[in-house]
file start-v3.txt (compact mmCIF, N, CA and C atoms and all ligand atoms)
# COMPACT_ATOMS: atom_id res chain seq x y z
N MET A 62 -39.78 -2.48 -0.66
CA MET A 62 -40.13 -2.98 0.65
C MET A 62 -39.36 -2.20 1.71
N GLU A 63 -40.07 -1.67 2.65
CA GLU A 63 -39.44 -0.88 3.70
C GLU A 63 -39.04 -1.78 4.86
N ASN A 64 -37.82 -1.62 5.32
CA ASN A 64 -37.33 -2.41 6.44
C ASN A 64 -37.62 -1.66 7.73
N LYS A 65 -38.42 -2.25 8.60
CA LYS A 65 -38.76 -1.61 9.88
C LYS A 65 -37.84 -2.07 10.99
N GLU A 66 -36.97 -3.02 10.66
CA GLU A 66 -36.09 -3.57 11.69
C GLU A 66 -34.90 -2.65 11.94
N THR A 67 -34.56 -2.49 13.18
CA THR A 67 -33.39 -1.69 13.54
C THR A 67 -32.12 -2.39 13.08
N ILE A 68 -31.24 -1.62 12.46
CA ILE A 68 -29.96 -2.14 11.99
C ILE A 68 -28.85 -1.51 12.84
N VAL A 69 -27.95 -2.35 13.30
CA VAL A 69 -26.78 -1.86 14.02
C VAL A 69 -25.67 -1.66 13.00
N VAL A 70 -25.10 -0.46 12.97
CA VAL A 70 -23.95 -0.19 12.10
C VAL A 70 -22.74 0.02 12.99
N GLN A 71 -21.68 -0.72 12.72
CA GLN A 71 -20.53 -0.75 13.63
C GLN A 71 -19.26 -0.33 12.91
N SER A 72 -18.43 0.41 13.62
CA SER A 72 -17.10 0.77 13.13
C SER A 72 -16.21 1.05 14.33
N HIS A 73 -14.94 1.31 14.06
CA HIS A 73 -14.03 1.66 15.16
C HIS A 73 -13.23 2.91 14.77
N PRO A 74 -13.07 3.84 15.72
CA PRO A 74 -12.35 5.08 15.42
C PRO A 74 -10.84 4.96 15.54
N ASP A 75 -10.31 3.94 16.15
CA ASP A 75 -8.85 3.82 16.25
C ASP A 75 -8.27 3.35 14.92
N MET A 76 -7.01 3.67 14.69
CA MET A 76 -6.36 3.32 13.44
C MET A 76 -4.95 2.81 13.70
N VAL A 77 -4.39 2.17 12.70
CA VAL A 77 -2.99 1.76 12.76
C VAL A 77 -2.13 2.98 12.46
N HIS A 78 -1.25 3.34 13.41
CA HIS A 78 -0.36 4.49 13.23
C HIS A 78 0.96 4.01 12.67
N GLN A 79 1.13 4.14 11.37
CA GLN A 79 2.41 3.76 10.76
C GLN A 79 2.81 4.83 9.76
N LYS A 80 4.11 5.01 9.66
CA LYS A 80 4.64 5.96 8.68
C LYS A 80 5.78 5.31 7.93
N ASN A 81 6.03 5.84 6.78
CA ASN A 81 7.16 5.35 5.99
C ASN A 81 8.46 5.70 6.70
N SER A 82 9.50 4.90 6.49
CA SER A 82 10.77 5.12 7.19
C SER A 82 11.39 6.48 6.84
N ASP A 83 11.07 7.02 5.67
CA ASP A 83 11.64 8.31 5.28
C ASP A 83 10.72 9.49 5.61
N THR A 84 9.69 9.24 6.41
CA THR A 84 8.73 10.29 6.74
C THR A 84 8.91 10.71 8.19
N ASN A 85 9.04 12.01 8.43
CA ASN A 85 9.11 12.56 9.78
C ASN A 85 7.71 13.02 10.15
N PHE A 86 7.07 12.30 11.08
CA PHE A 86 5.67 12.58 11.37
C PHE A 86 5.36 12.21 12.81
N ASP A 87 4.60 13.09 13.50
CA ASP A 87 4.20 12.83 14.88
C ASP A 87 2.67 12.69 14.92
N PHE A 88 2.21 11.46 15.12
CA PHE A 88 0.77 11.21 15.13
C PHE A 88 0.05 11.92 16.27
N ASP A 89 0.78 12.28 17.32
CA ASP A 89 0.15 12.95 18.46
C ASP A 89 -0.13 14.43 18.19
N THR A 90 0.62 15.02 17.26
CA THR A 90 0.47 16.47 17.07
C THR A 90 0.11 16.88 15.64
N GLN A 91 0.27 15.98 14.68
CA GLN A 91 0.04 16.35 13.28
C GLN A 91 -1.19 15.65 12.73
N GLY A 92 -1.82 16.31 11.78
CA GLY A 92 -2.94 15.70 11.08
C GLY A 92 -2.44 14.95 9.85
N ILE A 93 -3.18 13.93 9.46
CA ILE A 93 -2.83 13.16 8.28
C ILE A 93 -2.90 14.07 7.05
N VAL A 94 -1.89 13.99 6.20
CA VAL A 94 -1.87 14.79 4.97
C VAL A 94 -2.47 13.92 3.86
N MET A 95 -3.68 14.27 3.47
CA MET A 95 -4.39 13.48 2.47
C MET A 95 -4.33 14.14 1.10
N TYR A 96 -4.46 13.32 0.08
CA TYR A 96 -4.56 13.84 -1.28
C TYR A 96 -5.35 12.85 -2.13
N VAL A 97 -5.87 13.35 -3.23
CA VAL A 97 -6.66 12.52 -4.14
C VAL A 97 -5.78 12.11 -5.30
N ASP A 98 -5.75 10.82 -5.56
CA ASP A 98 -5.00 10.24 -6.67
C ASP A 98 -5.98 9.45 -7.52
N GLY A 99 -6.49 10.07 -8.56
CA GLY A 99 -7.51 9.40 -9.39
C GLY A 99 -8.77 9.17 -8.58
N ASP A 100 -9.15 7.91 -8.46
CA ASP A 100 -10.36 7.56 -7.71
C ASP A 100 -10.07 7.27 -6.24
N PHE A 101 -8.83 7.50 -5.80
CA PHE A 101 -8.45 7.11 -4.44
C PHE A 101 -8.03 8.32 -3.61
N VAL A 102 -8.35 8.27 -2.32
CA VAL A 102 -7.81 9.20 -1.34
C VAL A 102 -6.64 8.49 -0.67
N LYS A 103 -5.48 9.14 -0.65
CA LYS A 103 -4.28 8.54 -0.09
C LYS A 103 -3.68 9.49 0.94
N ALA A 104 -2.71 8.99 1.70
CA ALA A 104 -2.00 9.81 2.69
C ALA A 104 -0.54 9.89 2.31
N LYS A 105 0.05 11.06 2.56
CA LYS A 105 1.47 11.25 2.24
C LYS A 105 2.34 10.72 3.36
N GLY A 106 2.95 9.57 3.14
CA GLY A 106 3.95 9.03 4.06
C GLY A 106 3.44 8.31 5.29
N THR A 107 2.12 8.25 5.47
CA THR A 107 1.56 7.58 6.65
C THR A 107 0.38 6.72 6.24
N THR A 108 -0.09 5.93 7.19
CA THR A 108 -1.35 5.26 6.96
C THR A 108 -2.44 6.32 6.90
N LEU A 109 -3.50 6.02 6.19
CA LEU A 109 -4.57 6.99 5.95
C LEU A 109 -5.56 7.07 7.11
N GLY A 110 -5.78 5.95 7.75
CA GLY A 110 -6.81 5.90 8.79
C GLY A 110 -8.17 5.52 8.24
N ALA A 111 -8.19 5.09 6.97
CA ALA A 111 -9.45 4.64 6.37
C ALA A 111 -10.00 3.43 7.11
N ASP A 112 -9.12 2.67 7.71
CA ASP A 112 -9.49 1.58 8.62
C ASP A 112 -9.42 2.13 10.03
N ASN A 113 -10.47 2.62 10.50
CA ASN A 113 -11.82 2.47 10.00
C ASN A 113 -12.52 3.82 9.92
N GLY A 114 -11.76 4.84 9.53
CA GLY A 114 -12.34 6.16 9.40
C GLY A 114 -13.49 6.19 8.41
N ILE A 115 -13.39 5.36 7.37
CA ILE A 115 -14.47 5.33 6.38
C ILE A 115 -15.77 4.81 7.00
N GLY A 116 -15.65 3.87 7.91
CA GLY A 116 -16.84 3.36 8.60
C GLY A 116 -17.43 4.41 9.53
N VAL A 117 -16.58 5.09 10.28
CA VAL A 117 -17.04 6.15 11.18
C VAL A 117 -17.71 7.26 10.37
N ALA A 118 -17.07 7.67 9.27
CA ALA A 118 -17.62 8.75 8.44
C ALA A 118 -18.95 8.34 7.81
N SER A 119 -19.05 7.10 7.39
CA SER A 119 -20.31 6.62 6.79
C SER A 119 -21.45 6.67 7.80
N ILE A 120 -21.18 6.21 9.00
CA ILE A 120 -22.23 6.21 10.03
C ILE A 120 -22.61 7.64 10.40
N MET A 121 -21.61 8.50 10.60
CA MET A 121 -21.91 9.89 10.96
C MET A 121 -22.69 10.59 9.85
N THR A 122 -22.39 10.26 8.60
CA THR A 122 -23.13 10.83 7.47
C THR A 122 -24.59 10.40 7.51
N LEU A 123 -24.83 9.12 7.78
CA LEU A 123 -26.21 8.64 7.89
C LEU A 123 -26.95 9.35 9.03
N LEU A 124 -26.28 9.49 10.17
CA LEU A 124 -26.93 10.10 11.33
C LEU A 124 -27.21 11.59 11.11
N ALA A 125 -26.36 12.25 10.35
CA ALA A 125 -26.51 13.69 10.13
C ALA A 125 -27.46 14.02 8.99
N SER A 126 -27.72 13.04 8.14
CA SER A 126 -28.50 13.31 6.93
C SER A 126 -30.00 13.34 7.20
N ASP A 127 -30.66 14.23 6.50
CA ASP A 127 -32.12 14.27 6.52
C ASP A 127 -32.72 13.67 5.26
N ASP A 128 -31.88 13.30 4.30
CA ASP A 128 -32.42 12.85 3.01
C ASP A 128 -31.85 11.53 2.51
N ILE A 129 -31.13 10.79 3.34
CA ILE A 129 -30.71 9.44 2.95
C ILE A 129 -31.67 8.46 3.62
N PRO A 130 -32.47 7.75 2.81
CA PRO A 130 -33.42 6.82 3.43
C PRO A 130 -32.69 5.66 4.11
N HIS A 131 -33.12 5.32 5.30
CA HIS A 131 -32.54 4.18 6.02
C HIS A 131 -33.51 3.75 7.11
N PRO A 132 -33.37 2.52 7.55
CA PRO A 132 -34.20 2.06 8.67
C PRO A 132 -33.69 2.67 9.97
N ALA A 133 -34.34 2.36 11.06
CA ALA A 133 -33.85 2.78 12.37
C ALA A 133 -32.44 2.23 12.55
N LEU A 134 -31.57 3.06 13.09
CA LEU A 134 -30.16 2.68 13.24
C LEU A 134 -29.74 2.74 14.70
N GLU A 135 -28.84 1.86 15.04
CA GLU A 135 -28.06 1.99 16.25
C GLU A 135 -26.62 2.08 15.81
N ALA A 136 -25.92 3.14 16.22
CA ALA A 136 -24.52 3.32 15.84
C ALA A 136 -23.64 2.76 16.95
N LEU A 137 -22.77 1.85 16.58
CA LEU A 137 -21.88 1.20 17.54
C LEU A 137 -20.44 1.51 17.15
N PHE A 138 -19.75 2.24 18.01
CA PHE A 138 -18.34 2.55 17.80
C PHE A 138 -17.55 1.82 18.88
N THR A 139 -16.73 0.89 18.45
CA THR A 139 -15.94 0.12 19.42
C THR A 139 -14.50 0.63 19.40
N ILE A 140 -13.86 0.59 20.54
CA ILE A 140 -12.49 1.09 20.67
C ILE A 140 -11.48 -0.03 20.58
N ASP A 141 -10.25 0.33 20.31
CA ASP A 141 -9.11 -0.58 20.45
C ASP A 141 -9.21 -1.80 19.55
N GLU A 142 -9.79 -1.63 18.36
CA GLU A 142 -9.94 -2.77 17.46
C GLU A 142 -8.58 -3.24 16.96
N GLU A 143 -7.70 -2.29 16.70
CA GLU A 143 -6.44 -2.64 16.05
C GLU A 143 -5.45 -3.35 16.97
N THR A 144 -5.62 -3.23 18.27
CA THR A 144 -4.64 -3.83 19.19
C THR A 144 -5.25 -4.83 20.14
N GLY A 145 -6.42 -5.33 19.83
CA GLY A 145 -6.95 -6.37 20.71
C GLY A 145 -8.46 -6.46 20.77
N MET A 146 -9.14 -5.57 20.08
CA MET A 146 -10.61 -5.59 20.04
C MET A 146 -11.24 -5.55 21.43
N THR A 147 -10.59 -4.86 22.37
CA THR A 147 -11.12 -4.86 23.74
C THR A 147 -12.49 -4.19 23.82
N GLY A 148 -12.73 -3.21 22.95
CA GLY A 148 -14.04 -2.56 22.96
C GLY A 148 -15.16 -3.52 22.57
N ALA A 149 -14.96 -4.23 21.49
CA ALA A 149 -15.98 -5.19 21.03
C ALA A 149 -16.13 -6.33 22.03
N LEU A 150 -15.02 -6.79 22.57
CA LEU A 150 -15.07 -7.91 23.51
C LEU A 150 -15.75 -7.52 24.82
N ALA A 151 -15.71 -6.25 25.17
CA ALA A 151 -16.32 -5.79 26.43
C ALA A 151 -17.78 -5.38 26.25
N LEU A 152 -18.30 -5.47 25.04
CA LEU A 152 -19.68 -5.08 24.78
C LEU A 152 -20.63 -5.98 25.56
N LYS A 153 -21.47 -5.36 26.35
CA LYS A 153 -22.39 -6.13 27.18
C LYS A 153 -23.59 -6.60 26.35
N GLY A 154 -23.98 -7.84 26.53
CA GLY A 154 -25.15 -8.37 25.87
C GLY A 154 -26.40 -7.60 26.30
N GLY A 155 -27.32 -7.43 25.37
CA GLY A 155 -28.57 -6.75 25.69
C GLY A 155 -28.50 -5.24 25.55
N LEU A 156 -27.34 -4.70 25.25
CA LEU A 156 -27.19 -3.26 25.10
C LEU A 156 -27.88 -2.74 23.84
N LEU A 157 -27.87 -3.56 22.80
CA LEU A 157 -28.42 -3.14 21.50
C LEU A 157 -29.74 -3.85 21.24
N ASP A 158 -30.63 -3.15 20.51
CA ASP A 158 -31.91 -3.73 20.14
C ASP A 158 -31.86 -4.44 18.80
N GLY A 159 -31.02 -3.94 17.88
CA GLY A 159 -30.98 -4.48 16.53
C GLY A 159 -30.50 -5.93 16.51
N LYS A 160 -31.08 -6.69 15.60
CA LYS A 160 -30.70 -8.10 15.45
C LYS A 160 -29.78 -8.29 14.24
N ILE A 161 -29.69 -7.26 13.40
CA ILE A 161 -28.80 -7.30 12.23
C ILE A 161 -27.70 -6.27 12.45
N LEU A 162 -26.45 -6.69 12.28
CA LEU A 162 -25.31 -5.78 12.46
C LEU A 162 -24.50 -5.74 11.17
N LEU A 163 -24.25 -4.52 10.71
CA LEU A 163 -23.37 -4.33 9.56
C LEU A 163 -22.04 -3.81 10.07
N ASN A 164 -21.01 -4.63 9.96
CA ASN A 164 -19.66 -4.23 10.35
C ASN A 164 -19.05 -3.50 9.17
N LEU A 165 -18.79 -2.21 9.34
CA LEU A 165 -18.25 -1.40 8.24
C LEU A 165 -16.73 -1.39 8.24
N ASP A 166 -16.14 -2.42 8.78
CA ASP A 166 -14.69 -2.53 8.90
C ASP A 166 -14.17 -3.72 8.12
N THR A 167 -14.69 -3.93 6.98
CA THR A 167 -14.21 -5.05 6.19
C THR A 167 -14.41 -4.73 4.72
N LYS A 168 -13.77 -5.48 3.92
CA LYS A 168 -13.94 -5.31 2.50
C LYS A 168 -14.05 -6.68 1.86
N LYS A 169 -14.74 -6.70 0.78
CA LYS A 169 -14.81 -7.92 0.00
C LYS A 169 -14.60 -7.50 -1.43
N ILE A 170 -13.57 -8.00 -2.02
CA ILE A 170 -13.27 -7.68 -3.40
C ILE A 170 -13.91 -8.74 -4.28
N MET A 171 -14.79 -8.27 -5.15
CA MET A 171 -15.48 -9.19 -6.06
C MET A 171 -14.74 -9.19 -7.39
N ASN A 172 -14.39 -10.35 -7.85
CA ASN A 172 -13.74 -10.47 -9.16
C ASN A 172 -14.75 -10.87 -10.22
ZN ZN A 201 -10.24 -2.07 11.26
call {"tool": "encode", "arguments": {"input": "start-v3.txt", "output": "structure tokens"}}
result
Amino acid sequence: MENKETIVVQSHPDMVHQKNSDTNFDFDTQGIVMYVDGDFVKAKGTTLGADNGIGVASIMTLLASDDIPHPALEALFTIDEETGMTGALALKGGLLDGKILLNLDTKKIMN
């Protein structure tokens, strides 16, 4: 069954900037040092930025792809989620057409 309804996909590009106490790192000038550990991507001495970089990357991948089937999308990137959600709170009603929103900034662990 093909879904003709527009889906809003939401994420936020801001991240929590934290580093380990023994790590010398400047978030303003340095890039995150990532590495693969088994099935996981991790960061050396800092937060990874997966919250919510994974949501941003997922949406950008959908928008850039010509071969991933999906319904019509509206991409919503809200700012300042980590320190007050001011971006989401300032979102004006009526801006989006989609009635279904997928927030890509959460996880649910199924046991
Ligand atoms: Zn988040």
call {"tool": "atom_distance", "arguments": {"input": "start-v3.txt", "atom1": "atom C of Ile68 of chain A", "atom2": "atom C of His131 of chain A"}}
result
9.1 Å
call {"tool": "residues_around", "arguments": {"input": "start-v3.txt", "residues": "Ser119 of chain A", "least_positions_apart": "6", "cutoff": "12 Å", "atoms": "only C-alpha atoms", "output": "list in words"}}
result
Val70, Gln71, Ser72, His73, Pro74, Ala111, Asn113, Ala125, Ser126, Ile129, Ala136, Phe138, Leu163, Asn164, Leu165 and Asp166 of chain A
call {"tool": "atom_distance", "arguments": {"input": "start-v3.txt", "atom1": "atom N of Asn81 of chain A", "atom2": "atom C of Thr107 of chain A"}}
result
5.7 Å
call {"tool": "closest_residue", "arguments": {"input": "start-v3.txt", "among": "A:Leu162, A:Tyr96, A:Leu123, A:Gly155", "to": "Leu137 of chain A", "atoms": "only C-alpha atoms"}}
result
A:Leu162
call {"tool": "residues_around", "arguments": {"input": "start-v3.txt", "residues": "Thr144 of chain A", "least_positions_apart": "4", "cutoff": "10 Å", "atoms": "only C-alpha atoms", "output": "ChimeraX atom specification"}}
result
/A:75-77,140
call {"tool": "select_by_dssp", "arguments": {"input": "start-v3.txt", "residues": "chain A", "states": "strand (DSSP E)", "output": "VMD selection string"}}
result
chain A and resid 68 to 72 95 to 98 101 to 104 134 to 138 161 to 164
call {"tool": "atom_distance", "arguments": {"input": "start-v3.txt", "atom1": "atom CA of Leu134 of chain A", "atom2": "atom N of Leu156 of chain A"}}
result
14.4 Å
call {"tool": "closest_residue", "arguments": {"input": "start-v3.txt", "among": "A:Asp128, A:Glu135, A:Asp158, A:Asp112", "to": "ligand ZN 201 (chain A)", "atoms": "only C-alpha atoms and all ligand atoms"}}
result
A:Asp112
call {"tool": "select_by_dssp", "arguments": {"input": "start-v3.txt", "residues": "chain A", "states": "alpha helix (DSSP H)", "output": "PyMOL selection string"}}
result
chain A and resi 111-125+147-150
call {"tool": "closest_residue", "arguments": {"input": "start-v3.txt", "among": "A:Gly148, A:Glu142, A:Asp83, A:Thr122", "to": "ligand ZN 201 (chain A)", "atoms": "all atoms listed in the file"}}
result
A:Glu142
call {"tool": "closest_residue", "arguments": {"input": "start-v3.txt", "among": "A:Gly154, A:Pro130, A:Gly159, A:Gly114", "to": "ligand ZN 201 (chain A)", "atoms": "only N, CA and C atoms and all ligand atoms"}}
result
A:Gly114
call {"tool": "closest_residue", "arguments": {"input": "start-v3.txt", "among": "A:Thr167, A:Thr90, A:Asn85, A:Lys103", "to": "ligand ZN 201 (chain A)", "atoms": "all atoms listed in the file"}}
result
A:Thr167
call {"tool": "closest_residue", "arguments": {"input": "start-v3.txt", "among": "A:Glu143, A:Val117, A:Leu150, A:Val69", "to": "ligand ZN 201 (chain A)", "atoms": "only N, CA and C atoms and all ligand atoms"}}
result
A:Glu143
call {"tool": "decode", "arguments": {"input": "start-v3.txt", "residues": "segment 126-140 of chain A", "atoms": "N, CA and C atoms", "output": "mmCIF file, in the first residue's frame"}}
result
data_model
loop_
_atom_site.group_PDB
_atom_site.id
_atom_site.type_symbol
_atom_site.label_atom_id
_atom_site.label_comp_id
_atom_site.auth_asym_id
_atom_site.auth_seq_id
_atom_site.Cartn_x
_atom_site.Cartn_y
_atom_site.Cartn_z
ATOM 1 N N SER A 126 18.495 10.982 -1.963
ATOM 2 C CA SER A 126 18.404 9.697 -2.656
ATOM 3 C C SER A 126 17.398 9.727 -3.797
ATOM 4 N N ASP A 127 17.751 9.022 -4.850
ATOM 5 C CA ASP A 127 16.821 8.814 -5.956
ATOM 6 C C ASP A 127 16.219 7.420 -5.927
ATOM 7 N N ASP A 128 16.674 6.567 -5.013
ATOM 8 C CA ASP A 128 16.227 5.170 -5.048
ATOM 9 C C ASP A 128 15.718 4.634 -3.710
ATOM 10 N N ILE A 129 15.496 5.489 -2.729
ATOM 11 C CA ILE A 129 14.859 5.040 -1.488
ATOM 12 C C ILE A 129 13.385 5.441 -1.573
ATOM 13 N N PRO A 130 12.489 4.451 -1.646
ATOM 14 C CA PRO A 130 11.072 4.805 -1.753
ATOM 15 C C PRO A 130 10.572 5.477 -0.470
ATOM 16 N N HIS A 131 9.821 6.543 -0.631
ATOM 17 C CA HIS A 131 9.234 7.223 0.527
ATOM 18 C C HIS A 131 8.086 8.094 0.048
ATOM 19 N N PRO A 132 7.188 8.423 0.953
ATOM 20 C CA PRO A 132 6.102 9.341 0.588
ATOM 21 C C PRO A 132 6.643 10.762 0.490
ATOM 22 N N ALA A 133 5.792 11.693 0.163
ATOM 23 C CA ALA A 133 6.188 13.105 0.176
ATOM 24 C C ALA A 133 6.668 13.455 1.579
ATOM 25 N N LEU A 134 7.752 14.209 1.637
ATOM 26 C CA LEU A 134 8.357 14.541 2.927
ATOM 27 C C LEU A 134 8.415 16.050 3.123
ATOM 28 N N GLU A 135 8.293 16.433 4.367
ATOM 29 C CA GLU A 135 8.680 17.765 4.786
ATOM 30 C C GLU A 135 9.771 17.573 5.816
ATOM 31 N N ALA A 136 10.926 18.194 5.606
ATOM 32 C CA ALA A 136 12.047 18.067 6.537
ATOM 33 C C ALA A 136 12.008 19.238 7.505
ATOM 34 N N LEU A 137 11.970 18.921 8.778
ATOM 35 C CA LEU A 137 11.905 19.945 9.818
ATOM 36 C C LEU A 137 13.142 19.824 10.696
ATOM 37 N N PHE A 138 13.967 20.858 10.675
ATOM 38 C CA PHE A 138 15.160 20.907 11.520
ATOM 39 C C PHE A 138 14.940 22.019 12.542
ATOM 40 N N THR A 139 14.872 21.639 13.793
ATOM 41 C CA THR A 139 14.651 22.636 14.843
ATOM 42 C C THR A 139 15.968 22.896 15.567
ATOM 43 N N ILE A 140 16.146 24.122 16.005
ATOM 44 C CA ILE A 140 17.390 24.515 16.672
ATOM 45 C C ILE A 140 17.238 24.472 18.182
#
